[in-house]
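Structure record follows, encoded as structure tokens.
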There are 2 protein chains.
Amino acid sequence: MTAADMLGYAAGALTAFTFLPQVLKTWKEKSAKDVSLYMFIIAFVNEIMWLVYGVMINNWVIILTNAVMLVMSGIMIWLKMRYNHQ
Amino acid sequence: MTAADMLGYAAGALTAFTFLPQVLKTWKEKSAKDVSLYMFIIAFVNEIMWLVYGVMINNWVIILTNAVMLVMSGIMIWLKMRYNHQ
């Protein structure tokens with residue numbers, strides 16, 4: 001495995017958990033007024049595209065990364081709808 | 001270009017603009033209390049990793065996508081610090 005490969009895997013692993021701090025914050029504070037619903041709708045649709053792409057080219061790094069992000073985006077859409085008030 | 005290639009490019013182009021709705025919303029409403037600072041710090045560091053990876057493997061799709069996201073993450077970190085109050 002080259003240095004580039006290792007950096008790519010590390011970057012991909014970190015990407016998967018980008019939305020986690022937002023999910024935890026919104027879950028804890030029960031307020032999502034300032035959070036953009038459209039950001040997470042775009043992310044959700046985009047993750048489905050990446051998942052299909054990952055399956056088409058049979059790349060498990062893409063599949064796993066985007067499966068995690070799809071779940072997190074879905075949770076954020078639900079939290080946003082639930083806690084959109086102040 | 002295969003169908004998988006086209007889907008990959010479309011997914012990448014959409015990914016680049018994931019953060020745009022949040023940037024526009026925060027810019028307009030001048031309130032970022034509910035937005036997670038850590039999400040955008042993770043994204044910022046992660047985009048730098050992806051940029052370096054893109055340069056190492058000489059992949060312009062990765063370079064361009066993550067350059068756009070790096071700028072947007074940077075703007076969001078600045079907006080969050082500026083509008084963290086109500």
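Each chain of the structure tokens is named A, B, ... in the order shown, its residues numbered from 1; ligands are numbered from 1 in display order.
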
Residues of chain A classed as alpha helix (DSSP H) by DSSP on the backbone are to be reported as a ChimeraX atom specification. /A:3-16,20-29,37-56,60-82

Report as CSV: every residue of chain B with an atom at most 9 Å from range 19-34 of chain A, its closest pair of atoms, and their distance in Å to one decimal, counting only C-alpha atoms, with rows sorted by chain and ascending residue number.
residue,atom,partner,partner_atom,distance
B:Gln22,CA,A:Asp34,CA,8.5
B:Lys25,CA,A:Asp34,CA,7.7
B:Thr26,CA,A:Asp34,CA,7.0
B:Glu29,CA,A:Asp34,CA,8.1
B:Ser31,CA,A:Asp34,CA,6.3
B:Ala32,CA,A:Asp34,CA,5.5
B:Lys33,CA,A:Asp34,CA,6.6
B:Asp34,CA,A:Asp34,CA,5.2
B:Val35,CA,A:Asp34,CA,6.2
B:Ser36,CA,A:Gln22,CA,5.0
B:Leu37,CA,A:Pro21,CA,8.3
B:Tyr38,CA,A:Pro21,CA,6.1
B:Met39,CA,A:Pro21,CA,5.4
B:Phe40,CA,A:Phe19,CA,8.9
B:Ala43,CA,A:Phe19,CA,8.9

Please produce a file of the residues just selected, as a CSV table (one decimal), in the first residue's frame, where the atoms kept are all heavy atoms.
chain,number,residue,atom,x,y,z
B,22,GLN,N,-26.2,25.7,3.5
B,22,GLN,CA,-25.9,26.1,4.9
B,22,GLN,C,-25.2,27.4,4.9
B,22,GLN,O,-25.5,28.3,5.7
B,22,GLN,CB,-25.0,25.0,5.6
B,22,GLN,CG,-24.8,25.3,7.0
B,22,GLN,CD,-26.0,25.3,7.9
B,22,GLN,OE1,-26.7,24.2,8.0
B,22,GLN,NE2,-26.4,26.4,8.5
B,25,LYS,N,-27.8,30.1,4.1
B,25,LYS,CA,-28.8,30.2,5.2
B,25,LYS,C,-28.2,31.0,6.3
B,25,LYS,O,-28.8,32.0,6.9
B,25,LYS,CB,-29.2,28.9,5.7
B,25,LYS,CG,-30.2,28.9,6.8
B,25,LYS,CD,-30.6,27.5,7.2
B,25,LYS,CE,-31.4,27.4,8.5
B,25,LYS,NZ,-32.8,28.0,8.5
B,26,THR,N,-27.0,30.7,6.7
B,26,THR,CA,-26.3,31.3,7.8
B,26,THR,C,-26.0,32.8,7.5
B,26,THR,O,-26.1,33.7,8.3
B,26,THR,CB,-25.0,30.6,8.3
B,26,THR,OG1,-25.4,29.2,8.5
B,26,THR,CG2,-24.4,31.1,9.5
B,29,GLU,N,-29.4,34.7,7.6
B,29,GLU,CA,-30.1,34.7,8.9
B,29,GLU,C,-29.2,35.2,10.0
B,29,GLU,O,-29.7,35.5,11.1
B,29,GLU,CB,-30.7,33.4,9.2
B,29,GLU,CG,-31.7,32.9,8.2
B,29,GLU,CD,-32.4,31.6,8.5
B,29,GLU,OE1,-32.0,31.0,9.5
B,29,GLU,OE2,-33.2,31.2,7.7
B,31,SER,N,-27.4,33.7,12.1
B,31,SER,CA,-27.5,32.9,13.3
B,31,SER,C,-27.0,31.5,13.0
B,31,SER,O,-27.4,30.9,12.1
B,31,SER,CB,-29.0,32.9,13.7
B,31,SER,OG,-29.2,32.0,14.8
B,32,ALA,N,-26.1,31.1,13.9
B,32,ALA,CA,-25.4,29.8,13.7
B,32,ALA,C,-25.3,29.0,15.0
B,32,ALA,O,-24.6,28.0,15.1
B,32,ALA,CB,-24.0,30.0,13.1
B,33,LYS,N,-26.2,29.4,15.9
B,33,LYS,CA,-26.2,28.7,17.2
B,33,LYS,C,-26.3,27.2,17.1
B,33,LYS,O,-25.6,26.5,17.8
B,33,LYS,CB,-27.3,29.3,18.1
B,33,LYS,CG,-27.4,28.7,19.5
B,33,LYS,CD,-28.6,29.4,20.2
B,33,LYS,CE,-30.0,29.1,19.6
B,33,LYS,NZ,-30.4,27.6,19.7
B,34,ASP,N,-27.2,26.7,16.3
B,34,ASP,CA,-27.5,25.3,16.2
B,34,ASP,C,-26.5,24.5,15.3
B,34,ASP,O,-26.6,23.3,15.2
B,34,ASP,CB,-28.9,25.0,15.7
B,34,ASP,CG,-30.0,25.7,16.6
B,34,ASP,OD1,-29.7,25.8,17.8
B,34,ASP,OD2,-31.0,26.0,16.0
B,35,VAL,N,-25.6,25.2,14.6
B,35,VAL,CA,-24.7,24.6,13.7
B,35,VAL,C,-23.5,24.1,14.4
B,35,VAL,O,-22.9,24.8,15.3
B,35,VAL,CB,-24.3,25.6,12.6
B,35,VAL,CG1,-23.3,24.9,11.7
B,35,VAL,CG2,-25.5,26.0,11.8
B,36,SER,N,-23.1,22.9,14.1
B,36,SER,CA,-21.9,22.3,14.8
B,36,SER,C,-20.6,22.8,14.2
B,36,SER,O,-20.3,22.6,13.0
B,36,SER,CB,-21.9,20.8,14.6
B,36,SER,OG,-20.7,20.2,15.0
B,37,LEU,N,-19.8,23.5,15.1
B,37,LEU,CA,-18.5,23.9,14.6
B,37,LEU,C,-17.6,22.8,14.3
B,37,LEU,O,-16.9,22.8,13.3
B,37,LEU,CB,-17.9,24.8,15.8
B,37,LEU,CG,-16.4,25.3,15.5
B,37,LEU,CD1,-16.4,26.2,14.3
B,37,LEU,CD2,-15.9,26.0,16.7
B,38,TYR,N,-17.7,21.7,15.1
B,38,TYR,CA,-16.8,20.5,14.9
B,38,TYR,C,-17.0,19.9,13.6
B,38,TYR,O,-16.1,19.4,12.9
B,38,TYR,CB,-17.0,19.5,16.0
B,38,TYR,CG,-16.6,20.1,17.4
B,38,TYR,CD1,-17.5,20.3,18.4
B,38,TYR,CD2,-15.2,20.4,17.6
B,38,TYR,CE1,-17.1,20.8,19.6
B,38,TYR,CE2,-14.8,21.0,18.8
B,38,TYR,CZ,-15.8,21.2,19.8
B,38,TYR,OH,-15.4,21.7,21.0
B,39,MET,N,-18.3,19.8,13.1
B,39,MET,CA,-18.6,19.3,11.8
B,39,MET,C,-17.7,20.0,10.7
B,39,MET,O,-17.1,19.3,9.9
B,39,MET,CB,-20.1,19.4,11.4
B,39,MET,CG,-20.4,19.0,10.0
B,39,MET,SD,-22.1,18.8,9.6
B,39,MET,CE,-22.8,20.5,9.7
B,40,PHE,N,-17.7,21.3,10.8
B,40,PHE,CA,-17.0,22.0,9.7
B,40,PHE,C,-15.5,22.0,9.9
B,40,PHE,O,-14.7,22.1,9.0
B,40,PHE,CB,-17.6,23.4,9.6
B,40,PHE,CG,-18.9,23.4,8.9
B,40,PHE,CD1,-20.1,23.5,9.7
B,40,PHE,CD2,-19.1,23.1,7.6
B,40,PHE,CE1,-21.3,23.4,9.1
B,40,PHE,CE2,-20.3,23.0,7.0
B,40,PHE,CZ,-21.5,23.2,7.8
B,43,ALA,N,-14.6,18.7,8.5
B,43,ALA,CA,-14.7,18.8,7.1
B,43,ALA,C,-13.5,19.5,6.5
B,43,ALA,O,-12.9,19.1,5.5
B,43,ALA,CB,-16.0,19.5,6.7

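Nearest residue to chain A, choosing from B:Leu70, B:Ala13, B:Ile77, B:Met49 and counting only C-alpha atoms: B:Met49.
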
Need to verify the contact set: range 46-48 of chain A, 10 Å, only C-alpha atoms, exclusion of same-chain residues closer than 4 positions in sequence. Can you return it as a ChimeraX atom specification? /A:40-42,52-54,62-63,65-71,73 /B:10-15,18

Taking C-alpha atoms for each residue, export the selection above as a short mmCIF file (atom, residue, chain, number, x, y, z; two decimals), in the first residue's frame.
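Written file, selection_39.cif:
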data_model
loop_
_atom_site.label_atom_id
_atom_site.label_comp_id
_atom_site.auth_asym_id
_atom_site.auth_seq_id
_atom_site.Cartn_x
_atom_site.Cartn_y
_atom_site.Cartn_z
CA PHE A 40 -28.89 17.32 4.32
CA ILE A 41 -31.42 16.62 1.55
CA ILE A 42 -28.65 17.23 -1.02
CA VAL A 52 -25.11 3.12 -6.57
CA TYR A 53 -21.76 4.20 -8.07
CA GLY A 54 -19.89 2.17 -5.44
CA ILE A 62 -17.19 4.06 -1.39
CA ILE A 63 -20.09 1.79 -0.40
CA THR A 65 -18.38 5.47 3.59
CA ASN A 66 -21.59 6.54 1.91
CA ALA A 67 -23.76 4.02 3.76
CA VAL A 68 -22.65 5.66 7.04
CA MET A 69 -23.27 9.15 5.63
CA LEU A 70 -26.67 8.15 4.24
CA VAL A 71 -27.79 7.02 7.71
CA SER A 73 -28.10 12.46 6.71
CA ALA B 10 -22.47 13.80 -11.36
CA ALA B 11 -22.17 12.62 -7.74
CA GLY B 12 -18.84 14.43 -7.36
CA ALA B 13 -20.22 17.67 -8.79
CA LEU B 14 -23.17 17.55 -6.39
CA THR B 15 -20.90 16.75 -3.43
CA THR B 18 -23.36 20.14 -0.31
#

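Nearest to chain B of all the residues A:Trp60, A:Trp78, A:Trp50, A:Tyr83 is A:Trp50, based on only C-alpha atoms.
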
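You can rank B:Leu7, B:Leu51, B:Val45, B:Val61 by their closest distance to Gly74 in chain B using only C-alpha atoms, and at the top of that list sits B:Val45.
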
Nearest to chain A by atom-to-atom distance, counting only C-alpha atoms, from B:Leu64, B:Ile75, B:Met56, B:Met1: B:Met56

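Pairwise distance (CA of Tyr9 in chain A, CA of Asn58 in chain B) equals 16.3 Å.
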
Would you compute the distance between CA of Gly8 in chain B and CA of Phe44 in chain A? Give it in Å to one decimal.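 For CA of Gly8 in chain B relative to CA of Phe44 in chain A, the distance reads 15.4 Å.
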
In Å to one decimal, how far is CA of Met72 in chain A from CA of Ala3 in chain B?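 Calculated distance between CA of Ala3 in chain B and CA of Met72 in chain A is 27.3 Å.
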
Nearest residue to chain B from the set A:Met81, A:Thr2, A:Ile57, A:Ala16 (distances using only C-alpha atoms):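 For chain B, the nearest of the given residues is A:Ile57.
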